[in-house]
file structure.cif (mmCIF, C-alpha atoms and all ligand atoms)
data_my_file
#
loop_
_atom_site.label_atom_id
_atom_site.label_comp_id
_atom_site.auth_asym_id
_atom_site.auth_seq_id
_atom_site.Cartn_x
_atom_site.Cartn_y
_atom_site.Cartn_z
CA MET A 1 -184.43 -28.29 -34.85
CA SER A 2 -183.71 -28.69 -38.59
CA PRO A 3 -186.45 -27.80 -41.05
CA ILE A 4 -188.39 -30.72 -42.48
CA LEU A 5 -188.63 -31.08 -46.25
CA VAL A 6 -191.49 -33.11 -47.70
CA ARG A 7 -190.84 -34.43 -51.21
CA PRO A 8 -191.93 -37.28 -53.49
CA ALA A 9 -190.07 -40.49 -52.69
CA ALA A 10 -187.61 -42.05 -55.11
CA ARG A 11 -186.60 -45.69 -55.42
CA ALA A 12 -183.33 -44.69 -53.74
CA ASP A 13 -185.39 -44.07 -50.57
CA ALA A 14 -186.51 -47.72 -50.41
CA ALA A 15 -183.90 -48.80 -47.84
CA ALA A 16 -184.64 -45.78 -45.61
CA ILE A 17 -188.36 -46.55 -45.75
CA ASN A 18 -187.65 -50.13 -44.66
CA GLU A 19 -185.48 -48.84 -41.80
CA ILE A 20 -188.44 -46.81 -40.57
CA LEU A 21 -191.11 -49.49 -41.03
CA ASN A 22 -189.27 -52.67 -40.04
CA PRO A 23 -189.02 -51.82 -36.30
CA TYR A 24 -192.78 -51.16 -36.24
CA ILE A 25 -193.32 -54.55 -37.91
CA ALA A 26 -191.16 -56.27 -35.30
CA GLN A 27 -192.34 -54.44 -32.20
CA SER A 28 -195.80 -52.95 -32.65
CA THR A 29 -199.35 -53.42 -33.84
CA ALA A 30 -199.18 -50.18 -35.88
CA THR A 31 -198.88 -52.45 -38.92
CA PHE A 32 -200.32 -55.91 -39.41
CA LEU A 33 -197.26 -56.96 -41.39
CA THR A 34 -195.40 -59.55 -39.33
CA GLU A 35 -192.17 -60.10 -41.27
CA PRO A 36 -189.55 -57.41 -42.01
CA ARG A 37 -189.67 -56.14 -45.58
CA THR A 38 -186.68 -56.84 -47.77
CA LEU A 39 -185.30 -54.31 -50.22
CA ALA A 40 -186.73 -56.34 -53.11
CA GLN A 41 -190.19 -56.27 -51.51
CA ARG A 42 -189.92 -52.52 -50.96
CA LEU A 43 -188.91 -51.94 -54.58
CA ALA A 44 -191.89 -54.05 -55.69
CA TRP A 45 -194.06 -51.84 -53.44
CA PHE A 46 -192.64 -48.82 -55.29
CA ASP A 47 -193.66 -50.42 -58.58
CA GLU A 48 -197.25 -50.61 -57.25
CA HIS A 49 -197.14 -46.87 -56.46
CA GLY A 50 -196.62 -43.77 -58.56
CA GLY A 51 -199.29 -42.19 -60.72
CA ARG A 52 -202.44 -41.89 -58.62
CA HIS A 53 -200.72 -43.55 -55.65
CA PRO A 54 -197.91 -41.22 -54.55
CA VAL A 55 -195.29 -41.90 -51.90
CA LEU A 56 -193.85 -38.94 -49.98
CA VAL A 57 -190.91 -38.74 -47.63
CA ALA A 58 -190.12 -36.29 -44.85
CA VAL A 59 -186.43 -35.38 -44.78
CA SER A 60 -184.41 -33.79 -41.97
CA ASP A 61 -180.76 -32.88 -42.51
CA GLY A 62 -180.75 -35.03 -45.64
CA ALA A 63 -182.06 -38.14 -43.83
CA VAL A 64 -185.46 -39.70 -44.47
CA VAL A 65 -187.31 -39.59 -41.12
CA GLY A 66 -190.81 -40.50 -42.25
CA PHE A 67 -192.94 -41.49 -45.18
CA GLY A 68 -196.56 -41.48 -46.22
CA ALA A 69 -198.39 -43.08 -49.10
CA LEU A 70 -201.65 -43.46 -50.91
CA SER A 71 -202.09 -47.12 -51.79
CA VAL A 72 -204.67 -49.11 -53.71
CA PHE A 73 -207.59 -49.67 -51.32
CA ARG A 74 -209.02 -52.71 -53.09
CA PRO A 75 -208.07 -53.81 -56.61
CA ARG A 76 -211.57 -54.02 -58.11
CA ALA A 77 -212.22 -51.30 -60.67
CA ALA A 78 -215.08 -49.58 -58.89
CA TYR A 79 -212.74 -48.70 -56.01
CA ALA A 80 -210.35 -46.82 -58.33
CA SER A 81 -211.11 -43.41 -56.78
CA THR A 82 -210.59 -44.61 -53.21
CA ALA A 83 -207.11 -44.87 -51.71
CA GLU A 84 -205.73 -46.11 -48.41
CA ILE A 85 -203.50 -43.66 -46.56
CA SER A 86 -200.58 -44.51 -44.30
CA VAL A 87 -197.84 -42.58 -42.51
CA TYR A 88 -194.87 -43.78 -40.45
CA LEU A 89 -192.20 -41.69 -38.72
CA ARG A 90 -189.05 -42.49 -36.84
CA PRO A 91 -190.05 -42.39 -33.14
CA GLU A 92 -187.68 -39.53 -32.30
CA PHE A 93 -189.54 -37.36 -34.82
CA HIS A 94 -193.03 -37.89 -33.38
CA ARG A 95 -195.12 -34.96 -32.15
CA ARG A 96 -193.44 -32.31 -34.30
CA GLY A 97 -196.28 -31.88 -36.78
CA ILE A 98 -194.63 -34.04 -39.46
CA GLY A 99 -197.48 -36.57 -39.56
CA ARG A 100 -199.98 -33.76 -39.99
CA ARG A 101 -197.87 -32.30 -42.83
CA LEU A 102 -197.60 -35.63 -44.64
CA ILE A 103 -201.33 -36.34 -44.31
CA GLY A 104 -202.17 -32.78 -45.45
CA GLU A 105 -199.91 -33.10 -48.50
CA LEU A 106 -201.42 -36.50 -49.34
CA GLN A 107 -204.93 -35.03 -49.03
CA SER A 108 -203.96 -32.21 -51.44
CA ARG A 109 -202.44 -34.66 -53.88
CA ALA A 110 -205.47 -36.95 -53.61
CA ARG A 111 -207.66 -34.00 -54.56
CA ALA A 112 -205.44 -33.11 -57.53
CA LEU A 113 -205.34 -36.77 -58.63
CA GLY A 114 -209.12 -37.06 -58.62
CA HIS A 115 -209.52 -39.40 -55.67
CA HIS A 116 -212.90 -39.25 -54.01
CA ALA A 117 -212.35 -41.06 -50.70
CA LEU A 118 -209.37 -41.78 -48.48
CA ILE A 119 -209.44 -44.63 -45.98
CA GLY A 120 -207.28 -45.03 -42.89
CA ILE A 121 -207.15 -48.45 -41.29
CA CYS A 122 -205.64 -48.36 -37.81
CA CYS A 123 -205.24 -50.95 -35.11
CA SER A 124 -207.55 -49.91 -32.28
CA GLU A 125 -204.47 -49.90 -30.00
CA THR A 126 -202.65 -47.23 -32.00
CA GLY A 127 -204.18 -44.13 -30.49
CA ALA A 128 -201.66 -41.79 -32.13
CA SER A 129 -202.61 -42.79 -35.67
CA ILE A 130 -206.34 -42.55 -34.94
CA ALA A 131 -205.86 -39.15 -33.28
CA LEU A 132 -203.71 -37.91 -36.18
CA LEU A 133 -206.27 -38.86 -38.81
CA GLU A 134 -209.12 -37.35 -36.77
CA ALA A 135 -207.05 -34.16 -36.40
CA CYS A 136 -206.77 -34.11 -40.20
CA GLY A 137 -210.52 -34.33 -40.81
CA PHE A 138 -211.03 -38.10 -41.03
CA ARG A 139 -214.09 -39.57 -39.33
CA ARG A 140 -214.39 -42.96 -37.69
CA VAL A 141 -216.83 -45.01 -39.73
CA GLY A 142 -216.41 -48.41 -38.22
CA GLN A 143 -214.54 -50.98 -36.24
CA LEU A 144 -213.93 -54.60 -37.12
CA ARG A 145 -213.37 -56.86 -34.17
CA GLU A 146 -210.59 -59.43 -33.96
CA VAL A 147 -209.66 -59.42 -37.65
CA GLY A 148 -205.90 -59.34 -36.99
CA ARG A 149 -203.68 -61.59 -34.94
CA LYS A 150 -200.17 -60.57 -33.89
CA PHE A 151 -198.05 -61.29 -30.81
CA GLY A 152 -200.59 -64.00 -29.89
CA ARG A 153 -203.49 -61.57 -29.56
CA TRP A 154 -206.59 -60.80 -31.58
CA LEU A 155 -206.64 -57.22 -32.79
CA ASP A 156 -209.44 -54.87 -33.84
CA ILE A 157 -209.15 -52.30 -36.61
CA VAL A 158 -210.71 -48.85 -36.65
CA ILE A 159 -211.68 -47.57 -40.10
CA LEU A 160 -211.55 -43.84 -40.75
CA GLN A 161 -212.68 -42.00 -43.87
CA PHE A 162 -212.04 -38.65 -45.51
CA LEU A 163 -214.18 -37.59 -48.46
CA VAL A 164 -212.13 -35.51 -50.87
CA ASP A 165 -213.98 -32.65 -52.53
CA ALA A 166 -212.79 -33.61 -55.98
CA PRO A 167 -214.83 -34.34 -59.09
CA SER A 168 -215.14 -38.06 -59.81
CA VAL A 169 -212.89 -39.60 -62.43
CA SER A 170 -214.80 -41.98 -64.68
C1 LIG A 201 -199.14 -41.70 -36.10
C2 LIG A 201 -197.93 -40.81 -36.34
C3 LIG A 201 -197.60 -40.82 -37.85
C4 LIG A 201 -198.26 -39.37 -35.88
O1 LIG A 201 -197.32 -38.47 -36.44
P1 LIG A 201 -196.81 -37.18 -35.63
O2 LIG A 201 -195.91 -36.39 -36.52
O3 LIG A 201 -196.25 -37.61 -34.32
O4 LIG A 201 -198.15 -36.38 -35.37
P2 LIG A 201 -198.29 -34.77 -35.35
O5 LIG A 201 -197.21 -34.21 -34.51
O6 LIG A 201 -198.40 -34.27 -36.74
O7 LIG A 201 -199.68 -34.61 -34.59
C5 LIG A 201 -200.84 -34.07 -35.23
C6 LIG A 201 -202.01 -34.32 -34.31
O8 LIG A 201 -202.25 -35.73 -34.23
C7 LIG A 201 -202.66 -36.06 -32.88
N1 LIG A 201 -201.64 -36.93 -32.28
C8 LIG A 201 -200.46 -37.32 -32.84
N2 LIG A 201 -199.81 -38.17 -32.01
C9 LIG A 201 -200.58 -38.32 -30.91
C10 LIG A 201 -200.43 -39.07 -29.71
N3 LIG A 201 -199.36 -39.84 -29.47
N4 LIG A 201 -201.43 -38.99 -28.80
C11 LIG A 201 -202.51 -38.24 -29.01
N5 LIG A 201 -202.71 -37.47 -30.14
C12 LIG A 201 -201.75 -37.53 -31.07
C13 LIG A 201 -202.78 -34.74 -32.14
O9 LIG A 201 -204.10 -34.26 -32.36
C14 LIG A 201 -201.79 -33.88 -32.90
O10 LIG A 201 -202.06 -32.50 -32.79
P3 LIG A 201 -201.36 -31.66 -31.60
O11 LIG A 201 -199.90 -31.96 -31.67
O12 LIG A 201 -201.70 -30.24 -31.96
O13 LIG A 201 -201.97 -32.15 -30.32
C15 LIG A 201 -196.70 -41.30 -35.53
O14 LIG A 201 -197.08 -41.41 -34.17
C16 LIG A 201 -196.18 -42.65 -35.98
O15 LIG A 201 -195.34 -42.72 -36.86
N6 LIG A 201 -196.70 -43.71 -35.31
C17 LIG A 201 -196.30 -45.07 -35.61
C18 LIG A 201 -196.79 -45.52 -36.95
C19 LIG A 201 -198.29 -45.50 -37.09
O16 LIG A 201 -199.04 -45.84 -36.19
N7 LIG A 201 -198.71 -45.11 -38.29
C20 LIG A 201 -200.08 -45.08 -38.66
C21 LIG A 201 -200.42 -46.24 -39.50
S1 LIG A 201 -201.57 -45.75 -40.76
#
call {"tool": "encode", "arguments": {"input": "structure.cif", "output": "structure tokens"}}
result
Amino acid sequence: MSPILVRPAARADAAAINEILNPYIAQSTATFLTEPRTLAQRLAWFDEHGGRHPVLVAVSDGAVVGFGALSVFRPRAAYASTAEISVYLRPEFHRRGIGRRLIGELQSRARALGHHALIGICCSETGASIALLEACGFRRVGQLREVGRKFGRWLDIVILQFLVDAPSVS
């Protein structure tokens, strides 16, 4: 098994990130996106990241096999020290500790960037993502019933939270 490198993502990784995410959009409830992302949309997503909202990729043998990000949780100013966390891996790279590494690195970066709270929002059907976040110290703080609709079904979300032991940024 090749070693996994975790590094900050570059715009050149946009197509690889879409190749990872688009099958989940088409086939699963892991994301509530319903239409495949285009390269232009992914590059716009990059423009919304950077600074206090890093994107990381996991690389094996030079190929991007997963990514994780801290994204704006809600745009209103008082939420500025809260970020939403997400991680997606190519299926053949599941259960090798890569998700745990990406989440751990994002937690470290969140601390260094002065974030106070991280939020994970998972479909209640996606047991792996809930289990991963709980394994990384997140706690379930709530569940919203039937707030998503995909594949003709109503879907619940589970909300998980991690409080970062960082000083607040004013
Ligand atoms: C969720 C996901 C990122 C997990 O990544 P991963 O690299 O497979 O997880 P890891 O190998 O690092 O597992 C770490 C811990 O998470 C938990 N876990 C991960 N996958 C699990 C599964 N399928 N079932 C139960 N527990 C699981 C376990 O506690 C595991 O520790 P262990 O291996 O010592 O038992 C991966 O399954 C994935 O890409 N899923 C589809 C996308 C998705 O749902 N993303 C989340 C949206 S925010």
call {"tool": "axis_aligned_box", "arguments": {"input": "structure.cif", "around": "ligand LIG 201 (chain A)", "padding_each_side": "3 Å", "output": "AutoDock Vina command-line options"}}
result
--center_x -199.7 --center_y -38.2 --center_z -34.8 --size_x 14.8 --size_y 22.0 --size_z 18.0
call {"tool": "residues_around", "arguments": {"input": "structure.cif", "residues": "Phe32 of chain A", "least_positions_apart": "5", "cutoff": "8 Å", "atoms": "all atoms listed in the file", "output": "short mmCIF file (atom, residue, chain, number, x, y, z; two decimals) with C-alpha atoms, in the coordinates of the input"}}
result
data_model
loop_
_atom_site.label_atom_id
_atom_site.label_comp_id
_atom_site.auth_asym_id
_atom_site.auth_seq_id
_atom_site.Cartn_x
_atom_site.Cartn_y
_atom_site.Cartn_z
CA ILE A 25 -193.32 -54.55 -37.91
CA GLY A 148 -205.90 -59.34 -36.99
CA ARG A 149 -203.68 -61.59 -34.94
CA LYS A 150 -200.17 -60.57 -33.89
#
call {"tool": "residues_around", "arguments": {"input": "structure.cif", "residues": "Pro91 of chain A", "least_positions_apart": "5", "cutoff": "12 Å", "atoms": "only C-alpha atoms", "output": "NGL selection string"}}
result
:A and (19-21 or 23-24 or 65-66 or 96 or 98-99 or 128)
call {"tool": "atom_distance", "arguments": {"input": "structure.cif", "atom1": "atom CA of Arg145 of chain A", "atom2": "atom CA of Leu102 of chain A"}}
result
28.4 Å
call {"tool": "closest_residue", "arguments": {"input": "structure.cif", "among": "A:Val164, A:Ala80, A:Leu155, A:Ala26", "to": "Leu106 of chain A", "atoms": "all atoms listed in the file"}}
result
A:Val164
call {"tool": "residues_near_point", "arguments": {"input": "structure.cif", "point": "(-206.1, -49.0, -38.1)", "cutoff": "12 Å", "atoms": "only C-alpha atoms", "output": "ChimeraX atom specification"}}
result
/A:29-32,84-87,119-133,140-145,147-148,155-161
call {"tool": "residues_around", "arguments": {"input": "structure.cif", "residues": "segment 1-10 of chain A", "least_positions_apart": "6", "cutoff": "12 Å", "atoms": "all atoms listed in the file", "output": "PyMOL selection string"}}
result
chain A and resi 16-17+42-43+45-47+49-51+53-70+92-93+96-106+109
